[in-house]
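Written out below as structure tokens is the structure these notes cover.
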Amino acid sequence: MLPKINTFSKKYLLKLLGTGALVSCLAMPALAAGSHTKATGNHAKKPNVIMIVIDDAGFASLGAFGSEIETPNIDQLAYSGLRYNRFDSAAISAPTRAALITGRNPQTVNMEDLPPKIVIKPGPNGGMKITRSKAPANSVPLGSGPATSGEIPTNAENVAQAFQASGYSTYALGKWHLAPEYVDNVKRNKAFWPLQRGFNYYYGFISGHTDQYHPLLIEDNHKLPTPQDPKYDLSVDLVDHAINLMKPDSKKPKFLYLALGATHAPLQVSKSYIDEYKGKYAIGWDKLRQERFIRQKQLGIIPQNTVLPPRGKGDAAWNSLDAQHKRVFARFMATYAGFMTQTDEQIGRLIKYLKKTHQYKNTLIMLITDNGAASEGGPNGGFRTAYGDRTTVAQMDAHLDEAGGPKTYMLYQRPWAYADDTPFRRYKLWPYLGGVRTPLIVSWPGHIKSPGSVRDQYVNVVDLAPTMLDAAGTKFAKKVDGVKQIPVAGRSFLKTFEDKNAKTRSVQFFSLRGDRAITDGKWRAVAMHRLGAPFSEDQWQLFNTEKDFSESTDLAKKYPEKLKEMKKLWWKEARKYSNPPIIKPNPVLYKFNHMSDGLND
């Protein structure tokens, strides 16, 4: 029996398309529904623009992308808008967000990796030594580089600044993760906070993750007391603020950047949400991956000829685990699923408010996840702490009822991430599509031809800001106050809203922690770096993603000349957009994340 389509998705499709059309759509590689309506009345005004970012959720994490997890509100956005199935992130939080905000490659704006907070070096007995990052000398100009500095240049106008210049009110809520956290220079840190970077208002957290019940909150430029209300929930709070900011009480159009902490670790959500998935994941990650793969073909979100690659080296087969491990690990996934459903409910509250206040039809909404599913949990995951937790599986089992609660800081086991990134290889941090390819949903009533369709044009995260600005009738400035700005790498894909054949970018390079990839049309080449070896010795793989959507078959030996071209193109793009063009990986993080599992994969 084939896995069932998400309950809401099926009901909504029936309502939207009718029974006959639904049957046809499920048999086709794309959904086709509705008709295009030209913008009239309200649409003559500049639209409100809302950019929603969900954290650490893979390509298969949403119902409209093949998941069994209930995400009815996000699915409604997808089925009344567009889904893009060839959208690439930067494989990790801060670089993706830097590219999203600036329209430039993360290396160009000095965000090749995470912004400075801690320094990790090898410690005694194979461990790690962690110290706080210190600021450069005051004589070093803000944002002057290099690519690893984590300081975005002051001459890289971002999307909020461009919206402000076009008469918009601009708001940022939630995760920022685009500022250093030096231990010795708070003033320098704040120079990179949202209010100094084009936003009229900010409410959220500066770092990469925070507790959902007791978050470390900032409002504008000031720290707030940590919430102590036992009923407090960060996602609810952020959406409460979003609704308040979107009140139709201003003549100015609004740009809202809503970057949720969910579903990044800690996986924290009330027990009622977890119980909705009780017993659901006893099937394990291998079968879950297969079921999602079938469902993705049913929905037309992946091509019918897609091949599911085998589970990667370093990830255990579910059937190799004993009963205790299965019981514990299944609860982790149920917690993650409940967390996602609760996140969907909050997004739904915002959408409902927009409709109630008659703003929805004049609001462009984009929704992405910032990278592939989180891989840092390793074989056993994290229970009391997300990373490097020493809690044993037996100890987790003894306290399993605490899952999702305030005493835990959970991150699921790495093989769940493989399932969450179906149908691709690997996960967050990795150069394969499992690391970079994530959901992109666009909703803009009256401006989309064939709502419910799947767009297969290639789009990169650098393209989001130029597209949002294009929809508002503006663009990035070449000069701001007489200062020449760093050239924008992104290009608008606005025409794809109406034209399924509109051309988008064809070339995009990738680099993170020594691993590399390059896309050129249908071709994609990937190199996993071996720690301590010269980059010239990296073994490259070659994929034809037009015929092989999931990167299942390496063609490097079959097409050596094409691979040679791709490697040459990588160096050309890297030298154009990054200084230095390639960065050695941190040996501690390389080993911690078991990146060597990808060698000869």
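Going through the structure tokens in order, the chains are called A, B, and so on, while each chain numbers its residues from 1 and the ligands are numbered from 1 in the order shown.
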*Determine, counting only C-alpha atoms, which protein, DNA and RNA residues have an atom within 7 Å of an atom of Gln508 in chain A; residues of the same chain fewer than 2 positions away are not included. Present the result as a ChimeraX atom specification.*
/A:506,510,518-520
Requested write-out: N, CA and C atoms of the selected residues, as a tab-separated table (two decimals), in the first residue's frame:
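Dumped everything to part-v7.tsv:
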chain	number	residue	atom	x	y	z
A	506	SER	N	21.96	29.86	-14.12
A	506	SER	CA	22.41	28.51	-14.48
A	506	SER	C	23.67	28.11	-13.74
A	510	PHE	N	29.57	26.69	-4.68
A	510	PHE	CA	29.34	26.40	-3.26
A	510	PHE	C	30.67	26.08	-2.61
A	518	ILE	N	29.75	22.88	-7.63
A	518	ILE	CA	29.49	23.86	-8.67
A	518	ILE	C	28.34	23.36	-9.53
A	519	THR	N	27.39	24.24	-9.78
A	519	THR	CA	26.26	23.94	-10.65
A	519	THR	C	26.42	24.74	-11.94
A	520	ASP	N	26.22	24.07	-13.07
A	520	ASP	CA	26.23	24.72	-14.38
A	520	ASP	C	25.15	24.07	-15.23
_Residues of range 344-504 of chain A in strand (DSSP E), written as a PyMOL selection string_ = chain A and resi 363-369+440-443+453-455+459-460+479-480+483-484
Write to file, as a PDB file, in the first residue's frame, the residues of the selection just made, with C-alpha atoms.
ATOM      1  CA  THR A 363       0.988  40.375   0.374  1.00  0.00           C
ATOM      2  CA  LEU A 364       3.857  38.484  -1.220  1.00  0.00           C
ATOM      3  CA  ILE A 365       4.898  35.638   1.075  1.00  0.00           C
ATOM      4  CA  MET A 366       8.041  33.596   0.576  1.00  0.00           C
ATOM      5  CA  LEU A 367       8.849  30.625   2.812  1.00  0.00           C
ATOM      6  CA  ILE A 368      12.080  28.652   2.894  1.00  0.00           C
ATOM      7  CA  THR A 369      14.071  26.455   5.212  1.00  0.00           C
ATOM      8  CA  LEU A 440      10.817  27.286  -1.417  1.00  0.00           C
ATOM      9  CA  ILE A 441       7.161  28.341  -1.437  1.00  0.00           C
ATOM     10  CA  VAL A 442       5.868  31.548  -2.997  1.00  0.00           C
ATOM     11  CA  SER A 443       2.359  32.934  -2.438  1.00  0.00           C
ATOM     12  CA  SER A 453       2.198  24.182  -9.728  1.00  0.00           C
ATOM     13  CA  VAL A 454       5.742  23.014  -9.177  1.00  0.00           C
ATOM     14  CA  ARG A 455       8.440  25.183 -10.745  1.00  0.00           C
ATOM     15  CA  VAL A 459      16.921  29.314  -7.924  1.00  0.00           C
ATOM     16  CA  ASN A 460      19.551  30.093  -5.310  1.00  0.00           C
ATOM     17  CA  LYS A 479      25.571  53.577  -4.831  1.00  0.00           C
ATOM     18  CA  VAL A 480      24.300  54.596  -1.389  1.00  0.00           C
ATOM     19  CA  VAL A 483      29.422  54.939  -1.734  1.00  0.00           C
ATOM     20  CA  LYS A 484      29.744  52.241  -4.377  1.00  0.00           C
TER      21      LYS A 484
END
*For Glu291 in chain A, which residue out of A:Gln485, A:Asn110, A:Thr474, A:Ser67 is the nearest one, using only C-alpha atoms?*
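Smallest distance to Glu291 in chain A is found for A:Ser67.
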*Surrounding residues of Ala135 in chain A excluding itself and chain neighbours under 5 positions, 12 Å, only C-alpha atoms, as a list of chain:residue names*: A:Pro115, A:Pro116, A:Lys117, A:Ile118, A:Val119, A:Val140, A:Pro141, A:Leu142, A:Gly143, A:Ser149, A:Gly150, A:Glu151, A:Ala179, A:Pro180, A:Glu181, A:Tyr182, A:Val183, A:Asp184, A:Asn185, A:Val186, A:Lys187, A:Arg188, A:Asn189
*Find the spatial neighbours of Phe424 in chain A, counting only C-alpha atoms, within a cut-off of 9 Å - ignore same-chain residues fewer than 2 positions away - and output them as a list in words.*
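Non-adjacent residues within range: Phe59, Leu308, Pro309, Tyr418, Ala419, Asp421, Thr422, Arg426, Tyr427, Tyr432, Leu433, Gly434, Gly435, Arg437, Phe549, Ser550, Glu551 and Ser552 of chain A.
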Can you build me a table of range 513-571 of chain A residues sitting at most 12 Å from range 586-592 of chain A, with the closest atom pair per residue and its distance in Å to one decimal, using only C-alpha atoms, sorted by chain and residue number, as a tab-separated table?
residue	atom	partner	partner_atom	distance
A:Arg513	CA	A:Asn586	CA	7.0
A:Gly514	CA	A:Asn586	CA	8.9
A:Asp515	CA	A:Tyr590	CA	10.5
A:Met528	CA	A:Tyr590	CA	11.3
A:His529	CA	A:Tyr590	CA	9.8
A:Arg530	CA	A:Tyr590	CA	9.4
A:Leu531	CA	A:Pro587	CA	6.9
A:Gly532	CA	A:Pro587	CA	8.4
A:Ala533	CA	A:Pro587	CA	11.8
_Which of range 335-541 of chain A fall in helix (DSSP H, G or I), as a ChimeraX atom specification_ = /A:335-356,360-362,393-398,400-402,414-420,433-436,461-471,494-497,535-537
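Ranking A:Tyr458, A:Phe199, A:Trp416, A:Phe383 by their shortest atom-to-atom distance to Arg289 in chain A, with only C-alpha atoms included, puts A:Trp416 first.
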*Give me the residues within 7 Å of Trp523 in chain A as a list of chain:residue names, counting only C-alpha atoms and dropping any in the same chain fewer than 6 places off.*
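Residues meeting the cut-off are A:Phe543, A:Asn544, A:Thr545.
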Pull N, CA, C and O atoms from the residues just selected and write them as a PDB file, in the first residue's frame.
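Result went into again_27.pdb, see below:
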ATOM      1  N   PHE A 543      27.418  14.863 -11.598  1.00  0.00           N
ATOM      2  CA  PHE A 543      26.029  14.417 -11.718  1.00  0.00           C
ATOM      3  C   PHE A 543      25.298  15.210 -12.798  1.00  0.00           C
ATOM      4  O   PHE A 543      25.482  16.425 -12.913  1.00  0.00           O
ATOM      5  N   ASN A 544      24.462  14.532 -13.536  1.00  0.00           N
ATOM      6  CA  ASN A 544      23.553  15.171 -14.489  1.00  0.00           C
ATOM      7  C   ASN A 544      22.201  15.281 -13.807  1.00  0.00           C
ATOM      8  O   ASN A 544      21.402  14.335 -13.816  1.00  0.00           O
ATOM      9  N   THR A 545      21.931  16.420 -13.185  1.00  0.00           N
ATOM     10  CA  THR A 545      20.723  16.548 -12.361  1.00  0.00           C
ATOM     11  C   THR A 545      19.450  16.697 -13.185  1.00  0.00           C
ATOM     12  O   THR A 545      18.352  16.646 -12.625  1.00  0.00           O
TER      13      THR A 545
END
*Mind checking which residues fall within 8 Å of Gln342 in chain A, counting only C-alpha atoms, ignoring those fewer than 3 positions away in the same chain, and posting them as an MDAnalysis selection string?*
chainID A and resid 269 273 338:339 345:346
